[in-house]
Amino acid sequence: MPTDTGSVGNSPFLLATIIERQLTFLPQLETLRHFPPVLHSTRAVLSPQQLVSADGIHHLAPPMNFFVSHVSIHLDTTIWGPDAEDFKPSRWFNDAGEIITPPKGTFLPWSDGPRVCPGMKFSQVEFVAAMATLFRSARCEPIPTLGLHHPEDLQRRLQHLMNNSVSKLTLQVRDAKAVQLRWIRD
């Protein structure tokens with residue numbers, strides 16, 4: 001970025017916009033890590049293959065189809081750390097404050113490689129735009145219910161409801177009416 005303080009690239013508005021977009025983007029990554037839109041993908045073994053793992057070499061002989069579980073990969077503690085099941089958008093920042101790119105094959109919400117979803121960039125931009133619009137002048141908070149009033153209790157209740165969700169064509173919360181949120185203008 002240019003160092004001239006009069007340049008558009010260094011304007012406080014532009015820098016604030018870039019930071020806002022990054023901070024809005026991180027919850028999307030973490031949400032997709034926990035709740036990928038596609039739970040698994042299938043792969044076919046068409047010729048003899050070797051799969052190397054910590055347990056040794058595994059020989060795969062055709063014809064064979066197998067499933068790659070995106071949820072298992074996204075919640076694997078050897079990849080994401082001991083807190084892999086925690087919703088923690090900050091895991092997407094490195095020590096220098098830059099957004100990290102996870103190792104190939106460890107984050108698959110849009111698939112990977114030559115068959116990556118063609119709508120990936122569009123969905124990322126759309127998410128950031130929607131979240132920035134929603135949270136520009138309001139915040140979202142759980143509504144006290146069932147005798148729960150403390151934020152930690154309400155957060156645990158919502159986490160339980162999300163864990164009790166089911167993926168169909170899209171993720172569907174089994175008891176959607178129990179998720180009670182309100183928008184509050186700032």
# chains A, B, ... in the order shown; residues from 1 in each chain; ligands from 1
>>> residues_around(residues="Arg174 in chain A", least_positions_apart="6", cutoff="7 Å", atoms="only C-alpha atoms", output="ChimeraX atom specification")
/A:164-166
>>> write_last_selection(atoms="all heavy atoms", output="short mmCIF file (atom, residue, chain, number, x, y, z; two decimals), in the first residue's frame")
data_model
loop_
_atom_site.label_atom_id
_atom_site.label_comp_id
_atom_site.auth_asym_id
_atom_site.auth_seq_id
_atom_site.Cartn_x
_atom_site.Cartn_y
_atom_site.Cartn_z
N ASN A 164 -28.16 -29.87 17.94
CA ASN A 164 -29.30 -30.75 17.70
C ASN A 164 -29.93 -30.45 16.34
O ASN A 164 -31.11 -30.65 16.13
CB ASN A 164 -30.34 -30.59 18.82
CG ASN A 164 -31.38 -31.69 18.77
OD1 ASN A 164 -31.10 -32.80 18.33
ND2 ASN A 164 -32.59 -31.40 19.21
N SER A 165 -29.12 -29.94 15.42
CA SER A 165 -29.59 -29.64 14.07
C SER A 165 -29.36 -30.85 13.17
O SER A 165 -28.63 -31.76 13.50
CB SER A 165 -28.83 -28.43 13.50
OG SER A 165 -29.07 -27.31 14.30
N VAL A 166 -29.97 -30.80 12.02
CA VAL A 166 -29.82 -31.88 11.06
C VAL A 166 -29.58 -31.25 9.68
O VAL A 166 -30.18 -30.23 9.35
CB VAL A 166 -31.06 -32.81 11.05
CG1 VAL A 166 -32.31 -32.05 10.67
CG2 VAL A 166 -30.86 -34.00 10.15
#
>>> residues_around(residues="range 23-38 of chain A", least_positions_apart="3", cutoff="9 Å", atoms="only C-alpha atoms", output="PDB file with N, CA and C atoms, in the first residue's frame")
ATOM      1  N   ILE A  18     -11.718  -2.416   4.898  1.00  0.00           N
ATOM      2  CA  ILE A  18     -10.993  -3.687   4.743  1.00  0.00           C
ATOM      3  C   ILE A  18     -11.028  -4.462   6.053  1.00  0.00           C
ATOM      4  N   ILE A  19     -10.759  -3.800   7.162  1.00  0.00           N
ATOM      5  CA  ILE A  19     -10.777  -4.481   8.469  1.00  0.00           C
ATOM      6  C   ILE A  19     -12.172  -4.996   8.773  1.00  0.00           C
ATOM      7  N   GLU A  20     -13.214  -4.189   8.501  1.00  0.00           N
ATOM      8  CA  GLU A  20     -14.594  -4.614   8.752  1.00  0.00           C
ATOM      9  C   GLU A  20     -14.935  -5.856   7.938  1.00  0.00           C
ATOM     10  N   SER A  41     -18.186 -35.665   0.539  1.00  0.00           N
ATOM     11  CA  SER A  41     -18.046 -35.798  -0.905  1.00  0.00           C
ATOM     12  C   SER A  41     -17.628 -37.240  -1.186  1.00  0.00           C
ATOM     13  N   HIS A  70     -16.644 -34.133   5.518  1.00  0.00           N
ATOM     14  CA  HIS A  70     -16.188 -32.766   5.743  1.00  0.00           C
ATOM     15  C   HIS A  70     -16.294 -32.392   7.220  1.00  0.00           C
ATOM     16  N   VAL A  71     -17.350 -32.830   7.881  1.00  0.00           N
ATOM     17  CA  VAL A  71     -17.531 -32.511   9.296  1.00  0.00           C
ATOM     18  C   VAL A  71     -16.393 -33.106  10.126  1.00  0.00           C
ATOM     19  N   ILE A  73     -13.353 -33.845   9.181  1.00  0.00           N
ATOM     20  CA  ILE A  73     -12.119 -33.107   8.907  1.00  0.00           C
ATOM     21  C   ILE A  73     -12.156 -31.739   9.588  1.00  0.00           C
ATOM     22  N   HIS A  74     -13.305 -31.067   9.515  1.00  0.00           N
ATOM     23  CA  HIS A  74     -13.423 -29.714  10.072  1.00  0.00           C
ATOM     24  C   HIS A  74     -13.371 -29.687  11.601  1.00  0.00           C
ATOM     25  N   LEU A  75     -13.644 -30.810  12.243  1.00  0.00           N
ATOM     26  CA  LEU A  75     -13.613 -30.853  13.712  1.00  0.00           C
ATOM     27  C   LEU A  75     -12.477 -31.736  14.244  1.00  0.00           C
ATOM     28  N   GLU A  85     -13.886 -28.106  18.524  1.00  0.00           N
ATOM     29  CA  GLU A  85     -15.343 -28.062  18.583  1.00  0.00           C
ATOM     30  C   GLU A  85     -15.882 -26.706  19.047  1.00  0.00           C
ATOM     31  N   ASP A  86     -15.002 -25.826  19.500  1.00  0.00           N
ATOM     32  CA  ASP A  86     -15.426 -24.497  19.941  1.00  0.00           C
ATOM     33  C   ASP A  86     -15.589 -23.574  18.735  1.00  0.00           C
ATOM     34  N   PHE A  87     -16.589 -22.716  18.800  1.00  0.00           N
ATOM     35  CA  PHE A  87     -16.785 -21.695  17.764  1.00  0.00           C
ATOM     36  C   PHE A  87     -15.847 -20.545  18.099  1.00  0.00           C
ATOM     37  N   LYS A  88     -14.787 -20.397  17.308  1.00  0.00           N
ATOM     38  CA  LYS A  88     -13.729 -19.452  17.637  1.00  0.00           C
ATOM     39  C   LYS A  88     -13.207 -18.794  16.347  1.00  0.00           C
ATOM     40  N   PRO A  89     -13.874 -17.740  15.872  1.00  0.00           N
ATOM     41  CA  PRO A  89     -13.433 -17.082  14.644  1.00  0.00           C
ATOM     42  C   PRO A  89     -11.989 -16.589  14.688  1.00  0.00           C
ATOM     43  N   SER A  90     -11.465 -16.331  15.875  1.00  0.00           N
ATOM     44  CA  SER A  90     -10.088 -15.832  15.976  1.00  0.00           C
ATOM     45  C   SER A  90      -9.067 -16.861  15.505  1.00  0.00           C
ATOM     46  N   ARG A  91      -9.456 -18.132  15.377  1.00  0.00           N
ATOM     47  CA  ARG A  91      -8.508 -19.146  14.901  1.00  0.00           C
ATOM     48  C   ARG A  91      -8.075 -18.869  13.461  1.00  0.00           C
ATOM     49  N   TRP A  92      -8.805 -18.005  12.771  1.00  0.00           N
ATOM     50  CA  TRP A  92      -8.507 -17.704  11.370  1.00  0.00           C
ATOM     51  C   TRP A  92      -7.490 -16.581  11.202  1.00  0.00           C
ATOM     52  N   PHE A  93      -6.996 -16.025  12.324  1.00  0.00           N
ATOM     53  CA  PHE A  93      -5.929 -15.021  12.301  1.00  0.00           C
ATOM     54  C   PHE A  93      -4.620 -15.678  12.711  1.00  0.00           C
ATOM     55  N   ILE A  99      -5.315 -13.135   7.860  1.00  0.00           N
ATOM     56  CA  ILE A  99      -6.192 -14.295   7.724  1.00  0.00           C
ATOM     57  C   ILE A  99      -5.373 -15.460   7.197  1.00  0.00           C
ATOM     58  N   PHE A 107     -10.152 -27.783   4.869  1.00  0.00           N
ATOM     59  CA  PHE A 107     -11.316 -26.897   4.951  1.00  0.00           C
ATOM     60  C   PHE A 107     -12.046 -27.007   3.620  1.00  0.00           C
ATOM     61  N   LEU A 108     -13.215 -27.665   3.627  1.00  0.00           N
ATOM     62  CA  LEU A 108     -13.864 -28.064   2.379  1.00  0.00           C
ATOM     63  C   LEU A 108     -15.298 -27.577   2.187  1.00  0.00           C
ATOM     64  N   PRO A 109     -15.687 -26.408   2.666  1.00  0.00           N
ATOM     65  CA  PRO A 109     -17.093 -26.022   2.494  1.00  0.00           C
ATOM     66  C   PRO A 109     -17.491 -25.824   1.032  1.00  0.00           C
ATOM     67  N   TRP A 110     -16.523 -25.476   0.188  1.00  0.00           N
ATOM     68  CA  TRP A 110     -16.811 -25.298  -1.239  1.00  0.00           C
ATOM     69  C   TRP A 110     -16.117 -26.383  -2.059  1.00  0.00           C
ATOM     70  N   SER A 111     -15.707 -27.463  -1.418  1.00  0.00           N
ATOM     71  CA  SER A 111     -14.899 -28.511  -2.027  1.00  0.00           C
ATOM     72  C   SER A 111     -13.491 -27.956  -2.235  1.00  0.00           C
ATOM     73  N   GLN A 124     -18.998 -15.659  -0.640  1.00  0.00           N
ATOM     74  CA  GLN A 124     -18.205 -14.936   0.351  1.00  0.00           C
ATOM     75  C   GLN A 124     -18.558 -13.446   0.354  1.00  0.00           C
ATOM     76  N   VAL A 125     -18.645 -12.864  -0.812  1.00  0.00           N
ATOM     77  CA  VAL A 125     -18.989 -11.445  -0.920  1.00  0.00           C
ATOM     78  C   VAL A 125     -20.414 -11.212  -0.422  1.00  0.00           C
ATOM     79  N   PHE A 127     -22.108 -12.960   1.760  1.00  0.00           N
ATOM     80  CA  PHE A 127     -22.156 -13.100   3.218  1.00  0.00           C
ATOM     81  C   PHE A 127     -21.655 -11.830   3.897  1.00  0.00           C
ATOM     82  N   VAL A 128     -20.510 -11.326   3.454  1.00  0.00           N
ATOM     83  CA  VAL A 128     -19.941 -10.122   4.058  1.00  0.00           C
ATOM     84  C   VAL A 128     -20.902  -8.951   3.901  1.00  0.00           C
ATOM     85  N   ALA A 129     -21.490  -8.796   2.710  1.00  0.00           N
ATOM     86  CA  ALA A 129     -22.428  -7.695   2.472  1.00  0.00           C
ATOM     87  C   ALA A 129     -23.655  -7.827   3.366  1.00  0.00           C
ATOM     88  N   MET A 131     -23.974  -9.494   6.298  1.00  0.00           N
ATOM     89  CA  MET A 131     -23.631  -9.292   7.706  1.00  0.00           C
ATOM     90  C   MET A 131     -23.317  -7.825   7.996  1.00  0.00           C
ATOM     91  N   ALA A 132     -22.597  -7.176   7.088  1.00  0.00           N
ATOM     92  CA  ALA A 132     -22.274  -5.763   7.297  1.00  0.00           C
ATOM     93  C   ALA A 132     -23.549  -4.925   7.325  1.00  0.00           C
ATOM     94  N   SER A 167     -28.690 -31.839   8.928  1.00  0.00           N
ATOM     95  CA  SER A 167     -28.458 -31.349   7.568  1.00  0.00           C
ATOM     96  C   SER A 167     -29.360 -32.118   6.617  1.00  0.00           C
ATOM     97  N   LEU A 169     -30.991 -30.740   2.671  1.00  0.00           N
ATOM     98  CA  LEU A 169     -30.322 -30.091   1.560  1.00  0.00           C
ATOM     99  C   LEU A 169     -29.525 -28.909   2.106  1.00  0.00           C
ATOM    100  N   THR A 170     -30.086 -28.259   3.133  1.00  0.00           N
ATOM    101  CA  THR A 170     -29.368 -27.232   3.878  1.00  0.00           C
ATOM    102  C   THR A 170     -29.524 -27.582   5.352  1.00  0.00           C
ATOM    103  N   LEU A 171     -28.738 -26.964   6.202  1.00  0.00           N
ATOM    104  CA  LEU A 171     -28.826 -27.230   7.634  1.00  0.00           C
ATOM    105  C   LEU A 171     -30.165 -26.743   8.157  1.00  0.00           C
TER     106      LEU A 171
END
>>> select_by_dssp(residues="chain A", states="strand (DSSP E or B)", output="ChimeraX atom specification")
/A:40-45,49-53,56-60,64-69,93,99,109,111,138-142,145,148,165-167,171-173,181-185
>>> write_last_selection(atoms="N, CA and C atoms", output="compact mmCIF listing (two decimals), in the first residue's frame")
# COMPACT_ATOMS: atom_id res chain seq x y z
N HIS A 40 -20.43 -34.37 3.04
CA HIS A 40 -19.37 -35.26 2.56
C HIS A 40 -19.30 -35.19 1.05
N SER A 41 -18.19 -35.67 0.54
CA SER A 41 -18.05 -35.80 -0.91
C SER A 41 -17.63 -37.24 -1.19
N THR A 42 -17.87 -37.68 -2.38
CA THR A 42 -17.49 -39.05 -2.75
C THR A 42 -16.31 -38.99 -3.70
N ARG A 43 -15.50 -40.00 -3.62
CA ARG A 43 -14.36 -40.15 -4.51
C ARG A 43 -14.32 -41.60 -4.97
N ALA A 44 -13.76 -41.79 -6.14
CA ALA A 44 -13.67 -43.14 -6.70
C ALA A 44 -12.20 -43.49 -6.92
N VAL A 45 -11.87 -44.74 -6.63
CA VAL A 45 -10.55 -45.26 -6.92
C VAL A 45 -10.67 -46.00 -8.24
N GLN A 49 -4.12 -47.32 -5.77
CA GLN A 49 -3.62 -46.13 -5.08
C GLN A 49 -3.03 -46.54 -3.74
N GLN A 50 -2.13 -45.70 -3.23
CA GLN A 50 -1.61 -45.87 -1.88
C GLN A 50 -1.97 -44.65 -1.07
N LEU A 51 -2.46 -44.89 0.13
CA LEU A 51 -2.80 -43.82 1.04
C LEU A 51 -1.86 -43.93 2.24
N VAL A 52 -1.07 -42.90 2.47
CA VAL A 52 -0.10 -42.90 3.57
C VAL A 52 -0.71 -42.17 4.74
N SER A 53 -0.69 -42.80 5.91
CA SER A 53 -1.21 -42.17 7.13
C SER A 53 -0.27 -42.47 8.28
N GLY A 56 0.43 -46.10 8.73
CA GLY A 56 1.16 -46.83 7.70
C GLY A 56 0.60 -46.57 6.32
N ILE A 57 0.91 -47.50 5.41
CA ILE A 57 0.46 -47.38 4.03
C ILE A 57 -0.75 -48.28 3.82
N HIS A 58 -1.78 -47.69 3.23
CA HIS A 58 -3.01 -48.43 2.93
C HIS A 58 -3.13 -48.55 1.42
N HIS A 59 -3.38 -49.76 0.95
CA HIS A 59 -3.51 -49.99 -0.49
C HIS A 59 -4.99 -49.98 -0.86
N LEU A 60 -5.33 -49.17 -1.83
CA LEU A 60 -6.70 -49.06 -2.30
C LEU A 60 -6.77 -49.64 -3.71
N MET A 64 -13.50 -48.91 -6.23
CA MET A 64 -13.82 -48.56 -4.85
C MET A 64 -14.33 -47.13 -4.81
N ASN A 65 -15.41 -46.92 -4.10
CA ASN A 65 -15.91 -45.58 -3.83
C ASN A 65 -15.77 -45.33 -2.34
N PHE A 66 -15.46 -44.12 -1.96
CA PHE A 66 -15.40 -43.80 -0.53
C PHE A 66 -15.92 -42.39 -0.31
N PHE A 67 -16.29 -42.14 0.93
CA PHE A 67 -16.84 -40.85 1.33
C PHE A 67 -15.79 -40.08 2.13
N VAL A 68 -15.68 -38.80 1.86
CA VAL A 68 -14.82 -37.91 2.63
C VAL A 68 -15.75 -37.07 3.50
N SER A 69 -15.67 -37.26 4.81
CA SER A 69 -16.54 -36.54 5.74
C SER A 69 -15.97 -35.16 6.03
N PHE A 93 -7.00 -16.02 12.32
CA PHE A 93 -5.93 -15.02 12.30
C PHE A 93 -4.62 -15.68 12.71
N ILE A 99 -5.32 -13.13 7.86
CA ILE A 99 -6.19 -14.30 7.72
C ILE A 99 -5.37 -15.46 7.20
N PRO A 109 -15.69 -26.41 2.67
CA PRO A 109 -17.09 -26.02 2.49
C PRO A 109 -17.49 -25.82 1.03
N SER A 111 -15.71 -27.46 -1.42
CA SER A 111 -14.90 -28.51 -2.03
C SER A 111 -13.49 -27.96 -2.24
N ALA A 138 -27.29 -2.37 14.25
CA ALA A 138 -28.03 -3.20 15.21
C ALA A 138 -27.13 -4.33 15.69
N ARG A 139 -27.55 -4.96 16.73
CA ARG A 139 -26.85 -6.15 17.22
C ARG A 139 -27.91 -7.24 17.44
N CYS A 140 -27.47 -8.45 17.52
CA CYS A 140 -28.38 -9.58 17.72
C CYS A 140 -28.02 -10.23 19.05
N GLU A 141 -29.05 -10.53 19.83
CA GLU A 141 -28.80 -11.17 21.12
C GLU A 141 -29.91 -12.16 21.40
N PRO A 142 -29.60 -13.19 22.17
CA PRO A 142 -30.64 -14.17 22.52
C PRO A 142 -31.66 -13.56 23.47
N THR A 145 -35.26 -16.74 28.04
CA THR A 145 -36.39 -17.66 27.95
C THR A 145 -36.16 -18.86 28.86
N LEU A 148 -33.90 -18.65 31.77
CA LEU A 148 -32.49 -18.36 31.56
C LEU A 148 -32.33 -16.87 31.26
N SER A 165 -29.12 -29.94 15.42
CA SER A 165 -29.59 -29.64 14.07
C SER A 165 -29.36 -30.85 13.17
N VAL A 166 -29.97 -30.80 12.02
CA VAL A 166 -29.82 -31.88 11.06
C VAL A 166 -29.58 -31.25 9.68
N SER A 167 -28.69 -31.84 8.93
CA SER A 167 -28.46 -31.35 7.57
C SER A 167 -29.36 -32.12 6.62
N LEU A 171 -28.74 -26.96 6.20
CA LEU A 171 -28.83 -27.23 7.63
C LEU A 171 -30.17 -26.74 8.16
N GLN A 172 -30.85 -27.60 8.91
CA GLN A 172 -32.13 -27.22 9.49
C GLN A 172 -32.10 -27.51 10.99
N VAL A 173 -32.37 -26.48 11.77
CA VAL A 173 -32.47 -26.65 13.21
C VAL A 173 -33.74 -27.42 13.49
N LEU A 181 -34.31 -14.86 18.88
CA LEU A 181 -33.36 -13.75 18.81
C LEU A 181 -34.12 -12.48 18.53
N ARG A 182 -33.52 -11.36 18.86
CA ARG A 182 -34.13 -10.08 18.53
C ARG A 182 -33.05 -9.15 18.02
N TRP A 183 -33.46 -8.24 17.14
CA TRP A 183 -32.55 -7.24 16.61
C TRP A 183 -32.78 -5.95 17.39
N ILE A 184 -31.69 -5.35 17.85
CA ILE A 184 -31.77 -4.14 18.65
C ILE A 184 -30.96 -3.06 17.97
N ARG A 185 -31.61 -1.96 17.64
CA ARG A 185 -30.90 -0.83 17.00
C ARG A 185 -29.97 -0.18 18.00
>>> atom_distance(atom1="CA of Asn94 in chain A", atom2="CA of Asp76 in chain A")
19.0 Å
>>> select_by_dssp(residues="range 33-129 of chain A", states="alpha helix (DSSP H)", output="ChimeraX atom specification")
/A:33-34,70-74,77-80,120-129
>>> write_last_selection(atoms="C-alpha atoms", output="PDB file, in the first residue's frame")
ATOM      1  CA  ARG A  33     -16.138 -25.135   9.444  1.00  0.00           C
ATOM      2  CA  HIS A  34     -18.779 -26.209  11.967  1.00  0.00           C
ATOM      3  CA  HIS A  70     -16.188 -32.766   5.743  1.00  0.00           C
ATOM      4  CA  VAL A  71     -17.531 -32.511   9.296  1.00  0.00           C
ATOM      5  CA  SER A  72     -14.939 -34.990  10.600  1.00  0.00           C
ATOM      6  CA  ILE A  73     -12.119 -33.107   8.907  1.00  0.00           C
ATOM      7  CA  HIS A  74     -13.423 -29.714  10.072  1.00  0.00           C
ATOM      8  CA  THR A  77      -8.308 -31.871  16.769  1.00  0.00           C
ATOM      9  CA  THR A  78      -5.059 -32.880  15.028  1.00  0.00           C
ATOM     10  CA  ILE A  79      -5.810 -30.224  12.384  1.00  0.00           C
ATOM     11  CA  TRP A  80      -7.676 -27.507  14.314  1.00  0.00           C
ATOM     12  CA  MET A 120     -17.427 -19.629  -3.781  1.00  0.00           C
ATOM     13  CA  LYS A 121     -16.334 -16.001  -4.240  1.00  0.00           C
ATOM     14  CA  PHE A 122     -19.914 -14.854  -4.826  1.00  0.00           C
ATOM     15  CA  SER A 123     -21.075 -16.502  -1.580  1.00  0.00           C
ATOM     16  CA  GLN A 124     -18.205 -14.936   0.351  1.00  0.00           C
ATOM     17  CA  VAL A 125     -18.989 -11.445  -0.920  1.00  0.00           C
ATOM     18  CA  GLU A 126     -22.718 -11.955  -0.389  1.00  0.00           C
ATOM     19  CA  PHE A 127     -22.156 -13.100   3.218  1.00  0.00           C
ATOM     20  CA  VAL A 128     -19.941 -10.122   4.058  1.00  0.00           C
ATOM     21  CA  ALA A 129     -22.428  -7.695   2.472  1.00  0.00           C
TER      22      ALA A 129
END
>>> atom_distance(atom1="CA of Lys177 in chain A", atom2="CA of Arg157 in chain A")
13.2 Å
>>> atom_distance(atom1="CA of Pro151 in chain A", atom2="CA of Gln180 in chain A")
13.4 Å
>>> residues_around(residues="Pro62 in chain A", least_positions_apart="6", cutoff="8 Å", atoms="only C-alpha atoms", output="MDAnalysis selection string")
chainID A and resid 45:48
